[in-house]
Every structure is written in structure tokens, then in C-alpha cells.
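Dropping structure.tsv in here (TSV, C-alpha atoms):
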chain	number	residue	atom	x	y	z
F	287	MET	CA	-7.34	4.35	-7.21
F	288	TYR	CA	-8.65	6.64	-4.51
F	289	VAL	CA	-9.14	4.65	-1.30
F	290	VAL	CA	-11.10	5.37	1.86
F	291	LEU	CA	-10.82	3.17	4.93
F	292	VAL	CA	-13.90	3.65	7.08
F	293	HIS	CA	-13.17	2.60	10.66
F	294	VAL	CA	-16.29	1.46	12.53
F	295	ARG	CA	-16.92	0.32	16.09
F	296	VAL	CA	-20.35	-1.24	16.60
F	297	LYS	CA	-22.24	-1.92	19.82
F	298	GLU	CA	-21.85	-5.59	20.66
F	299	GLU	CA	-25.59	-6.28	20.59
F	300	ASN	CA	-25.82	-4.90	17.03
F	301	ILE	CA	-23.00	-6.81	15.34
F	302	ASP	CA	-25.33	-9.15	13.43
F	303	ASP	CA	-27.64	-6.33	12.37
F	304	PHE	CA	-24.67	-4.28	11.23
F	305	VAL	CA	-23.23	-7.12	9.18
F	306	LYS	CA	-26.54	-7.74	7.44
F	307	ALA	CA	-27.10	-4.07	6.56
F	308	THR	CA	-23.49	-3.60	5.48
F	309	LEU	CA	-23.45	-6.63	3.19
F	310	GLU	CA	-26.59	-5.28	1.50
F	311	ASN	CA	-24.86	-1.93	0.99
F	312	ALA	CA	-21.66	-3.60	-0.28
F	313	THR	CA	-23.60	-5.73	-2.77
F	314	GLU	CA	-25.11	-2.60	-4.31
F	315	SER	CA	-21.97	-0.48	-4.02
F	316	VAL	CA	-19.82	-2.78	-6.15
F	317	LYS	CA	-22.32	-2.22	-8.98
F	318	GLU	CA	-21.49	1.52	-9.09
F	319	PRO	CA	-19.42	2.29	-12.19
F	320	GLY	CA	-16.73	4.13	-10.22
F	321	ASN	CA	-16.30	1.40	-7.62
F	322	ARG	CA	-13.16	-0.76	-7.66
F	323	ARG	CA	-13.42	-2.55	-4.29
F	324	PHE	CA	-15.84	-2.58	-1.39
F	325	ASP	CA	-14.41	-5.07	1.10
F	326	VAL	CA	-16.11	-5.51	4.48
F	327	LEU	CA	-13.53	-6.48	7.12
F	328	GLN	CA	-14.16	-7.66	10.68
F	329	SER	CA	-11.28	-7.43	13.14
F	330	SER	CA	-9.84	-10.74	14.34
F	331	GLU	CA	-9.07	-9.19	17.73
F	332	ASP	CA	-12.34	-7.39	18.41
F	333	PRO	CA	-15.53	-8.48	16.59
F	334	CYS	CA	-17.07	-5.06	17.28
F	335	ARG	CA	-14.50	-3.42	14.99
F	336	PHE	CA	-14.89	-3.26	11.23
F	337	ILE	CA	-13.21	-1.58	8.32
F	338	LEU	CA	-14.97	-0.79	5.07
F	339	TYR	CA	-12.23	-0.83	2.44
F	340	GLU	CA	-13.59	1.31	-0.37
F	341	ALA	CA	-11.60	1.87	-3.55
F	342	TRP	CA	-12.85	4.21	-6.25
F	343	GLY	CA	-11.64	5.41	-9.61
F	344	SER	CA	-11.59	9.00	-8.32
F	345	PRO	CA	-12.65	11.13	-5.32
F	346	GLU	CA	-15.67	12.15	-7.41
F	347	ASP	CA	-16.77	8.51	-7.59
F	348	ALA	CA	-16.58	8.29	-3.79
F	349	ALA	CA	-18.62	11.48	-3.49
F	350	ALA	CA	-21.24	10.13	-5.92
F	351	HIS	CA	-21.60	7.03	-3.72
F	352	LYS	CA	-23.00	9.23	-0.93
F	353	ASN	CA	-25.89	10.21	-3.20
F	354	THR	CA	-27.02	6.65	-3.83
F	355	PRO	CA	-30.17	5.22	-2.21
F	356	HIS	CA	-28.28	2.18	-0.87
F	357	TYR	CA	-25.66	4.33	0.89
F	358	GLN	CA	-28.29	6.62	2.38
F	359	LYS	CA	-30.37	3.67	3.58
F	360	TRP	CA	-27.26	2.08	5.15
F	361	ARG	CA	-26.21	5.35	6.83
F	362	ASP	CA	-29.64	5.82	8.42
F	363	THR	CA	-30.06	2.13	9.34
F	364	VAL	CA	-26.75	1.76	11.17
F	365	ALA	CA	-26.76	5.16	12.90
F	366	ASP	CA	-27.95	3.92	16.29
F	367	TRP	CA	-25.64	0.89	16.24
F	368	MET	CA	-22.40	2.87	16.31
F	369	ALA	CA	-20.41	2.65	19.57
F	370	GLU	CA	-18.45	5.71	18.45
F	371	PRO	CA	-18.46	8.01	15.40
F	372	ARG	CA	-17.11	6.47	12.20
F	373	ARG	CA	-13.74	7.71	11.01
F	374	GLY	CA	-12.55	7.78	7.42
F	375	THR	CA	-8.88	7.85	6.35
F	376	GLU	CA	-7.88	8.61	2.74
F	377	TYR	CA	-5.19	7.07	0.58
F	378	THR	CA	-3.91	6.97	-2.96
F	379	SER	CA	-3.30	3.46	-4.22
F	380	LEU	CA	0.12	3.15	-5.88
F	381	PHE	CA	-0.52	-0.50	-6.77
F	382	PRO	CA	-2.39	-1.88	-8.59
N	273	MET	CA	-10.44	-13.89	2.69
N	274	TYR	CA	-7.90	-13.42	5.45
N	275	VAL	CA	-6.69	-9.81	5.46
N	276	VAL	CA	-3.66	-8.17	7.00
N	277	LEU	CA	-3.22	-4.41	7.03
N	278	VAL	CA	0.44	-3.57	7.47
N	279	HIS	CA	0.84	-0.04	8.81
N	280	VAL	CA	4.14	1.55	7.85
N	281	ARG	CA	5.77	4.89	8.63
N	282	VAL	CA	8.83	5.62	6.52
N	283	LYS	CA	11.57	8.19	7.05
N	284	GLU	CA	10.86	11.17	4.79
N	285	GLU	CA	14.17	10.86	2.91
N	286	ASN	CA	13.39	7.24	2.01
N	287	ILE	CA	9.86	7.60	0.61
N	288	ASP	CA	10.93	7.14	-3.02
N	289	ASP	CA	13.19	4.18	-2.20
N	290	PHE	CA	10.41	2.57	-0.18
N	291	VAL	CA	7.86	2.98	-2.96
N	292	LYS	CA	10.21	1.43	-5.53
N	293	ALA	CA	11.06	-1.59	-3.35
N	294	THR	CA	7.44	-2.06	-2.30
N	295	LEU	CA	6.07	-1.97	-5.86
N	296	GLU	CA	8.61	-4.67	-6.80
N	297	ASN	CA	7.42	-6.80	-3.88
N	298	ALA	CA	3.75	-6.20	-4.73
N	299	THR	CA	4.30	-7.14	-8.38
N	300	GLU	CA	5.70	-10.53	-7.31
N	301	SER	CA	3.27	-11.05	-4.41
N	302	VAL	CA	0.16	-10.90	-6.59
N	303	LYS	CA	1.57	-13.86	-8.52
N	304	GLU	CA	1.42	-16.09	-5.42
N	305	PRO	CA	-1.43	-18.59	-5.74
N	306	GLY	CA	-2.90	-17.71	-2.32
N	307	ASN	CA	-2.86	-13.97	-2.91
N	308	ARG	CA	-6.13	-12.13	-3.52
N	309	ARG	CA	-5.04	-8.49	-3.21
N	310	PHE	CA	-1.81	-6.65	-2.51
N	311	ASP	CA	-2.69	-2.95	-2.63
N	312	VAL	CA	-0.04	-0.38	-1.75
N	313	LEU	CA	-1.66	2.70	-0.22
N	314	GLN	CA	-0.06	6.06	0.55
N	315	SER	CA	-1.80	8.33	3.04
N	316	SER	CA	-3.28	11.52	1.62
N	317	GLU	CA	-2.55	13.33	4.88
N	318	ASP	CA	1.01	12.19	5.51
N	319	PRO	CA	3.12	10.89	2.58
N	320	CYS	CA	5.39	9.05	5.06
N	321	ARG	CA	2.50	6.75	6.00
N	322	PHE	CA	1.59	3.68	3.99
N	323	ILE	CA	-0.69	0.69	4.34
N	324	LEU	CA	-0.05	-2.61	2.60
N	325	TYR	CA	-3.49	-4.12	2.12
N	326	GLU	CA	-2.84	-7.84	1.80
N	327	ALA	CA	-5.71	-10.29	1.24
N	328	TRP	CA	-5.06	-14.03	1.18
N	329	GLY	CA	-7.14	-17.14	0.74
N	330	SER	CA	-6.12	-18.31	4.22
N	331	PRO	CA	-3.72	-17.49	7.09
N	332	GLU	CA	-1.47	-20.27	5.72
N	333	ASP	CA	-1.18	-18.37	2.43
N	334	ALA	CA	-0.07	-15.26	4.34
N	335	ALA	CA	2.49	-17.34	6.26
N	336	ALA	CA	3.81	-18.85	3.02
N	337	HIS	CA	4.37	-15.32	1.67
N	338	LYS	CA	7.00	-14.76	4.36
N	339	ASN	CA	9.06	-17.62	2.91
N	340	THR	CA	9.25	-16.13	-0.58
N	341	PRO	CA	12.47	-14.56	-1.90
N	342	HIS	CA	10.66	-11.35	-2.90
N	343	TYR	CA	9.23	-10.84	0.62
N	344	GLN	CA	12.58	-11.52	2.28
N	345	LYS	CA	14.38	-9.18	-0.10
N	346	TRP	CA	11.80	-6.45	0.60
N	347	ARG	CA	12.00	-6.95	4.37
N	348	ASP	CA	15.78	-6.62	4.39
N	349	THR	CA	15.84	-3.75	1.89
N	350	VAL	CA	13.36	-1.52	3.73
N	351	ALA	CA	14.57	-2.26	7.27
N	352	ASP	CA	16.63	0.91	7.69
N	353	TRP	CA	13.96	3.12	6.13
N	354	MET	CA	11.34	2.54	8.83
N	355	ALA	CA	10.61	5.53	11.06
N	356	GLU	CA	8.94	3.15	13.52
N	357	PRO	CA	8.29	-0.62	13.69
N	358	ARG	CA	5.68	-1.90	11.26
N	359	ARG	CA	2.38	-2.99	12.75
N	360	GLY	CA	0.02	-5.60	11.31
N	361	THR	CA	-3.70	-5.81	12.06
N	362	GLU	CA	-5.75	-8.90	11.08
N	363	TYR	CA	-9.25	-9.15	9.68
N	364	THR	CA	-11.68	-11.60	8.18
N	365	SER	CA	-13.29	-10.34	5.00
N	366	LEU	CA	-17.07	-10.82	5.06
N	367	PHE	CA	-17.43	-9.40	1.55
N	368	PRO	CA	-16.59	-10.31	-1.11
Please express the file's structure as C-alpha cells.
Amino acid sequence: MYVVLVHVRVKEENIDDFVKATLENATESVKEPGNRRFDVLQSSEDPCRFILYEAWGSPEDAAAHKNTPHYQKWRDTVADWMAEPRRGTEYTSLFP
Amino acid sequence: MYVVLVHVRVKEENIDDFVKATLENATESVKEPGNRRFDVLQSSEDPCRFILYEAWGSPEDAAAHKNTPHYQKWRDTVADWMAEPRRGTEYTSLFP
């Protein structure tokens, strides 16, 4: 699996809005044929910090995700709620 | 789900040893009743960096993992291969 961890810090006043929009995006994203996981994680230490744990069959599947209506809606909806720019880190999954 | 990301940096000469020992541990860990995911991720930017993505039904399930023979064997086996102390970060999974 090709994995991207998207590190997000949200403005405190937008946490609830962000969660709602992100769960909508996750619900659609797991229906994509190339998707393996789309876990939405909230930090136990700082509720403003989230990680989107996205696992895909291939890098091409991750790229295709960015062309979907649900991703593009999410991206535009959450833009003003970011406390800092999102940061993605890439991994290869050795297991499973 | 209760999620722990274990951030690991391994000495370059021990990458292969670490992968072997960690895949053995992962193979046993996914059999634990409280385990939901045990993904072993290697950084695309730096092959010495790994994340163990561990999802559990509850914090108690994660604590029980530390009492298993396979975890304790892994912990002792990899100890000298660490380039720096491991670091765990905790999350609540909002999806799925």
C-alpha cells in the first residue's frame, strides 16, 4: 500500500466544522476503488491536531482522489479553517 | 478506535533486521483480539524512518499488547538498532 499521512492543525473555533466536513469526505473516499484506508484521527494531546491516514493501492490511486468531487469540495470547504498549511508525509506499507 | 503512532528511526545498517523483526511482531499482533490495525510504514523520504500504525479497540487493548511474548521479544530484539528513542503519539479515530 502507498500511504499518505496528512497532518492538519485547525483553528479551535472550527474543530466541529472540520470534523463534519472531513467525515463526509472520508465516507465518500472509502468508496473509491483504489482506497484501502481513510482513517480520521484526532490527537489526544491537542484537539486542534488531526491526521488523515490515507492508504491507497498505488500513488496513482492517491492522485485520482484529488480529482474527485468530494475531495475538491472538502479542500475548498476547510481552507479557511486551517491554522497552518497542511503537510503530507509519504510511506510504503510493508505490512499488511 | 484508540490509535498509537510509534515513530521509529533505525540505524542504517539495521534496516533489514528491523523490518524482519517488526513483520514478525505485526503478524502476531494482528491476531490479538483488541487489535484493529498494525500497519508497518517505511518513509519514502528516509528509509531509516518507520511508523508503526497501531489501532486498538481501547487503550486497555494497547496496554495488554505490551504483556504479550511477541511484543516483548520485539522490544528486546530491536533495542540496539534504534538511532534514537522511539516516540509514541496518541489519537482517537473518528472514522471509521
Show which residues sit within 12 Å of Ala365 of chain F, as a CSV table (one decimal) with C-alpha atoms, in the coordinates of the input. Count only C-alpha atoms, and ignore same-chain residues fewer than 4 positions away.
chain,number,residue,atom,x,y,z
F,294,VAL,CA,-16.3,1.5,12.5
F,295,ARG,CA,-16.9,0.3,16.1
F,296,VAL,CA,-20.4,-1.2,16.6
F,297,LYS,CA,-22.2,-1.9,19.8
F,300,ASN,CA,-25.8,-4.9,17.0
F,303,ASP,CA,-27.6,-6.3,12.4
F,304,PHE,CA,-24.7,-4.3,11.2
F,307,ALA,CA,-27.1,-4.1,6.6
F,308,THR,CA,-23.5,-3.6,5.5
F,358,GLN,CA,-28.3,6.6,2.4
F,359,LYS,CA,-30.4,3.7,3.6
F,360,TRP,CA,-27.3,2.1,5.2
F,361,ARG,CA,-26.2,5.4,6.8
F,369,ALA,CA,-20.4,2.6,19.6
F,370,GLU,CA,-18.4,5.7,18.4
F,371,PRO,CA,-18.5,8.0,15.4
F,372,ARG,CA,-17.1,6.5,12.2
Residues within 12 Å of Arg373 of chain F, please, as a PyMOL selection string. Count all atoms listed in the file; anything in the same chain fewer than 3 positions from it doesn't count. chain F and resi 290-295+335-338+368-370+376
Residues of chain N within 8 Å of chain F, counting only C-alpha atoms, as a ChimeraX atom specification: /N:275,295,298,310-317,361-368
So that I have them on file, write out the residues from the current selection with C-alpha atoms, as a PDB file, keeping the file's coordinate frame.
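Wrote result04.pdb, looks like this:
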ATOM      1  CA  VAL N 275      -6.690  -9.810   5.460  1.00  0.00           C
ATOM      2  CA  LEU N 295       6.070  -1.970  -5.860  1.00  0.00           C
ATOM      3  CA  ALA N 298       3.750  -6.200  -4.730  1.00  0.00           C
ATOM      4  CA  PHE N 310      -1.810  -6.650  -2.510  1.00  0.00           C
ATOM      5  CA  ASP N 311      -2.690  -2.950  -2.630  1.00  0.00           C
ATOM      6  CA  VAL N 312      -0.040  -0.380  -1.750  1.00  0.00           C
ATOM      7  CA  LEU N 313      -1.660   2.700  -0.220  1.00  0.00           C
ATOM      8  CA  GLN N 314      -0.060   6.060   0.550  1.00  0.00           C
ATOM      9  CA  SER N 315      -1.800   8.330   3.040  1.00  0.00           C
ATOM     10  CA  SER N 316      -3.280  11.520   1.620  1.00  0.00           C
ATOM     11  CA  GLU N 317      -2.550  13.330   4.880  1.00  0.00           C
ATOM     12  CA  THR N 361      -3.700  -5.810  12.060  1.00  0.00           C
ATOM     13  CA  GLU N 362      -5.750  -8.900  11.080  1.00  0.00           C
ATOM     14  CA  TYR N 363      -9.250  -9.150   9.680  1.00  0.00           C
ATOM     15  CA  THR N 364     -11.680 -11.600   8.180  1.00  0.00           C
ATOM     16  CA  SER N 365     -13.290 -10.340   5.000  1.00  0.00           C
ATOM     17  CA  LEU N 366     -17.070 -10.820   5.060  1.00  0.00           C
ATOM     18  CA  PHE N 367     -17.430  -9.400   1.550  1.00  0.00           C
ATOM     19  CA  PRO N 368     -16.590 -10.310  -1.110  1.00  0.00           C
TER      20      PRO N 368
END
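Atom CA of Glu284 of chain N to atom CA of Cys320 of chain N spans 5.9 Å [interatomic distance, one decimal].
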What would you get as a PDB file with C-alpha atoms, in the coordinates of the input if chain N were moved onto chain F by least squares over all of its C-alpha atoms in order?
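What landed in superposed00.pdb:
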ATOM      1  CA  MET N 273      -7.356   4.350  -7.213  1.00  0.00           C
ATOM      2  CA  TYR N 274      -8.653   6.640  -4.499  1.00  0.00           C
ATOM      3  CA  VAL N 275      -9.130   4.656  -1.285  1.00  0.00           C
ATOM      4  CA  VAL N 276     -11.098   5.375   1.854  1.00  0.00           C
ATOM      5  CA  LEU N 277     -10.832   3.180   4.927  1.00  0.00           C
ATOM      6  CA  VAL N 278     -13.903   3.648   7.083  1.00  0.00           C
ATOM      7  CA  HIS N 279     -13.185   2.598  10.661  1.00  0.00           C
ATOM      8  CA  VAL N 280     -16.279   1.464  12.527  1.00  0.00           C
ATOM      9  CA  ARG N 281     -16.923   0.313  16.088  1.00  0.00           C
ATOM     10  CA  VAL N 282     -20.346  -1.227  16.595  1.00  0.00           C
ATOM     11  CA  LYS N 283     -22.234  -1.907  19.814  1.00  0.00           C
ATOM     12  CA  GLU N 284     -21.842  -5.596  20.668  1.00  0.00           C
ATOM     13  CA  GLU N 285     -25.599  -6.280  20.580  1.00  0.00           C
ATOM     14  CA  ASN N 286     -25.829  -4.902  17.035  1.00  0.00           C
ATOM     15  CA  ILE N 287     -23.001  -6.821  15.341  1.00  0.00           C
ATOM     16  CA  ASP N 288     -25.329  -9.157  13.429  1.00  0.00           C
ATOM     17  CA  ASP N 289     -27.646  -6.321  12.364  1.00  0.00           C
ATOM     18  CA  PHE N 290     -24.666  -4.265  11.227  1.00  0.00           C
ATOM     19  CA  VAL N 291     -23.211  -7.109   9.180  1.00  0.00           C
ATOM     20  CA  LYS N 292     -26.541  -7.737   7.434  1.00  0.00           C
ATOM     21  CA  ALA N 293     -27.097  -4.060   6.556  1.00  0.00           C
ATOM     22  CA  THR N 294     -23.480  -3.596   5.492  1.00  0.00           C
ATOM     23  CA  LEU N 295     -23.440  -6.641   3.192  1.00  0.00           C
ATOM     24  CA  GLU N 296     -26.580  -5.274   1.491  1.00  0.00           C
ATOM     25  CA  ASN N 297     -24.844  -1.927   0.984  1.00  0.00           C
ATOM     26  CA  ALA N 298     -21.653  -3.592  -0.281  1.00  0.00           C
ATOM     27  CA  THR N 299     -23.594  -5.741  -2.756  1.00  0.00           C
ATOM     28  CA  GLU N 300     -25.107  -2.600  -4.318  1.00  0.00           C
ATOM     29  CA  SER N 301     -21.952  -0.468  -4.024  1.00  0.00           C
ATOM     30  CA  VAL N 302     -19.819  -2.788  -6.148  1.00  0.00           C
ATOM     31  CA  LYS N 303     -22.308  -2.225  -8.970  1.00  0.00           C
ATOM     32  CA  GLU N 304     -21.484   1.504  -9.097  1.00  0.00           C
ATOM     33  CA  PRO N 305     -19.410   2.284 -12.189  1.00  0.00           C
ATOM     34  CA  GLY N 306     -16.713   4.132 -10.203  1.00  0.00           C
ATOM     35  CA  ASN N 307     -16.298   1.400  -7.614  1.00  0.00           C
ATOM     36  CA  ARG N 308     -13.174  -0.767  -7.655  1.00  0.00           C
ATOM     37  CA  ARG N 309     -13.431  -2.558  -4.299  1.00  0.00           C
ATOM     38  CA  PHE N 310     -15.840  -2.575  -1.383  1.00  0.00           C
ATOM     39  CA  ASP N 311     -14.421  -5.081   1.105  1.00  0.00           C
ATOM     40  CA  VAL N 312     -16.104  -5.506   4.480  1.00  0.00           C
ATOM     41  CA  LEU N 313     -13.540  -6.488   7.108  1.00  0.00           C
ATOM     42  CA  GLN N 314     -14.155  -7.664  10.669  1.00  0.00           C
ATOM     43  CA  SER N 315     -11.289  -7.431  13.140  1.00  0.00           C
ATOM     44  CA  SER N 316      -9.859 -10.734  14.335  1.00  0.00           C
ATOM     45  CA  GLU N 317      -9.080  -9.193  17.719  1.00  0.00           C
ATOM     46  CA  ASP N 318     -12.340  -7.387  18.412  1.00  0.00           C
ATOM     47  CA  PRO N 319     -15.530  -8.487  16.585  1.00  0.00           C
ATOM     48  CA  CYS N 320     -17.083  -5.051  17.271  1.00  0.00           C
ATOM     49  CA  ARG N 321     -14.498  -3.427  14.989  1.00  0.00           C
ATOM     50  CA  PHE N 322     -14.898  -3.265  11.233  1.00  0.00           C
ATOM     51  CA  ILE N 323     -13.201  -1.568   8.317  1.00  0.00           C
ATOM     52  CA  LEU N 324     -14.975  -0.786   5.066  1.00  0.00           C
ATOM     53  CA  TYR N 325     -12.239  -0.837   2.448  1.00  0.00           C
ATOM     54  CA  GLU N 326     -13.602   1.300  -0.369  1.00  0.00           C
ATOM     55  CA  ALA N 327     -11.584   1.861  -3.557  1.00  0.00           C
ATOM     56  CA  TRP N 328     -12.860   4.211  -6.252  1.00  0.00           C
ATOM     57  CA  GLY N 329     -11.644   5.405  -9.611  1.00  0.00           C
ATOM     58  CA  SER N 330     -11.579   8.986  -8.310  1.00  0.00           C
ATOM     59  CA  PRO N 331     -12.648  11.123  -5.317  1.00  0.00           C
ATOM     60  CA  GLU N 332     -15.685  12.156  -7.410  1.00  0.00           C
ATOM     61  CA  ASP N 333     -16.762   8.505  -7.590  1.00  0.00           C
ATOM     62  CA  ALA N 334     -16.574   8.276  -3.787  1.00  0.00           C
ATOM     63  CA  ALA N 335     -18.630  11.477  -3.482  1.00  0.00           C
ATOM     64  CA  ALA N 336     -21.237  10.127  -5.911  1.00  0.00           C
ATOM     65  CA  HIS N 337     -21.602   7.028  -3.708  1.00  0.00           C
ATOM     66  CA  LYS N 338     -22.991   9.224  -0.931  1.00  0.00           C
ATOM     67  CA  ASN N 339     -25.895  10.211  -3.194  1.00  0.00           C
ATOM     68  CA  THR N 340     -27.021   6.638  -3.832  1.00  0.00           C
ATOM     69  CA  PRO N 341     -30.170   5.224  -2.200  1.00  0.00           C
ATOM     70  CA  HIS N 342     -28.287   2.175  -0.882  1.00  0.00           C
ATOM     71  CA  TYR N 343     -25.657   4.333   0.885  1.00  0.00           C
ATOM     72  CA  GLN N 344     -28.285   6.616   2.407  1.00  0.00           C
ATOM     73  CA  LYS N 345     -30.359   3.665   3.576  1.00  0.00           C
ATOM     74  CA  TRP N 346     -27.259   2.087   5.159  1.00  0.00           C
ATOM     75  CA  ARG N 347     -26.221   5.340   6.846  1.00  0.00           C
ATOM     76  CA  ASP N 348     -29.638   5.816   8.426  1.00  0.00           C
ATOM     77  CA  THR N 349     -30.058   2.143   9.335  1.00  0.00           C
ATOM     78  CA  VAL N 350     -26.743   1.769  11.173  1.00  0.00           C
ATOM     79  CA  ALA N 351     -26.757   5.167  12.904  1.00  0.00           C
ATOM     80  CA  ASP N 352     -27.951   3.917  16.292  1.00  0.00           C
ATOM     81  CA  TRP N 353     -25.646   0.896  16.241  1.00  0.00           C
ATOM     82  CA  MET N 354     -22.396   2.877  16.317  1.00  0.00           C
ATOM     83  CA  ALA N 355     -20.424   2.646  19.557  1.00  0.00           C
ATOM     84  CA  GLU N 356     -18.449   5.707  18.446  1.00  0.00           C
ATOM     85  CA  PRO N 357     -18.453   8.026  15.398  1.00  0.00           C
ATOM     86  CA  ARG N 358     -17.119   6.473  12.210  1.00  0.00           C
ATOM     87  CA  ARG N 359     -13.753   7.712  11.012  1.00  0.00           C
ATOM     88  CA  GLY N 360     -12.538   7.780   7.410  1.00  0.00           C
ATOM     89  CA  THR N 361      -8.888   7.836   6.353  1.00  0.00           C
ATOM     90  CA  GLU N 362      -7.883   8.606   2.732  1.00  0.00           C
ATOM     91  CA  TYR N 363      -5.190   7.065   0.577  1.00  0.00           C
ATOM     92  CA  THR N 364      -3.903   6.976  -2.957  1.00  0.00           C
ATOM     93  CA  SER N 365      -3.304   3.469  -4.234  1.00  0.00           C
ATOM     94  CA  LEU N 366       0.114   3.146  -5.888  1.00  0.00           C
ATOM     95  CA  PHE N 367      -0.525  -0.495  -6.782  1.00  0.00           C
ATOM     96  CA  PRO N 368      -2.383  -1.847  -8.606  1.00  0.00           C
TER      97      PRO N 368
END
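Restricting the calculation to only C-alpha atoms, the smallest distance between Asn339 of chain N and any of N:Asp288, N:Glu296, N:Glu304, N:Glu326 is found for N:Glu304.
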Go ahead and compute the interatomic distance for atom CA of Ala341 of chain F and atom CA of Pro355 of chain F, in Å to one decimal.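 According to the coordinates, atom CA of Ala341 of chain F and atom CA of Pro355 of chain F are separated by 18.9 Å.
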Hey, can you check how far atom CA of Asn307 of chain N sits from atom CA of Pro331 of chain N?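 Separation of atom CA of Asn307 of chain N and atom CA of Pro331 of chain N: 10.6 Å.
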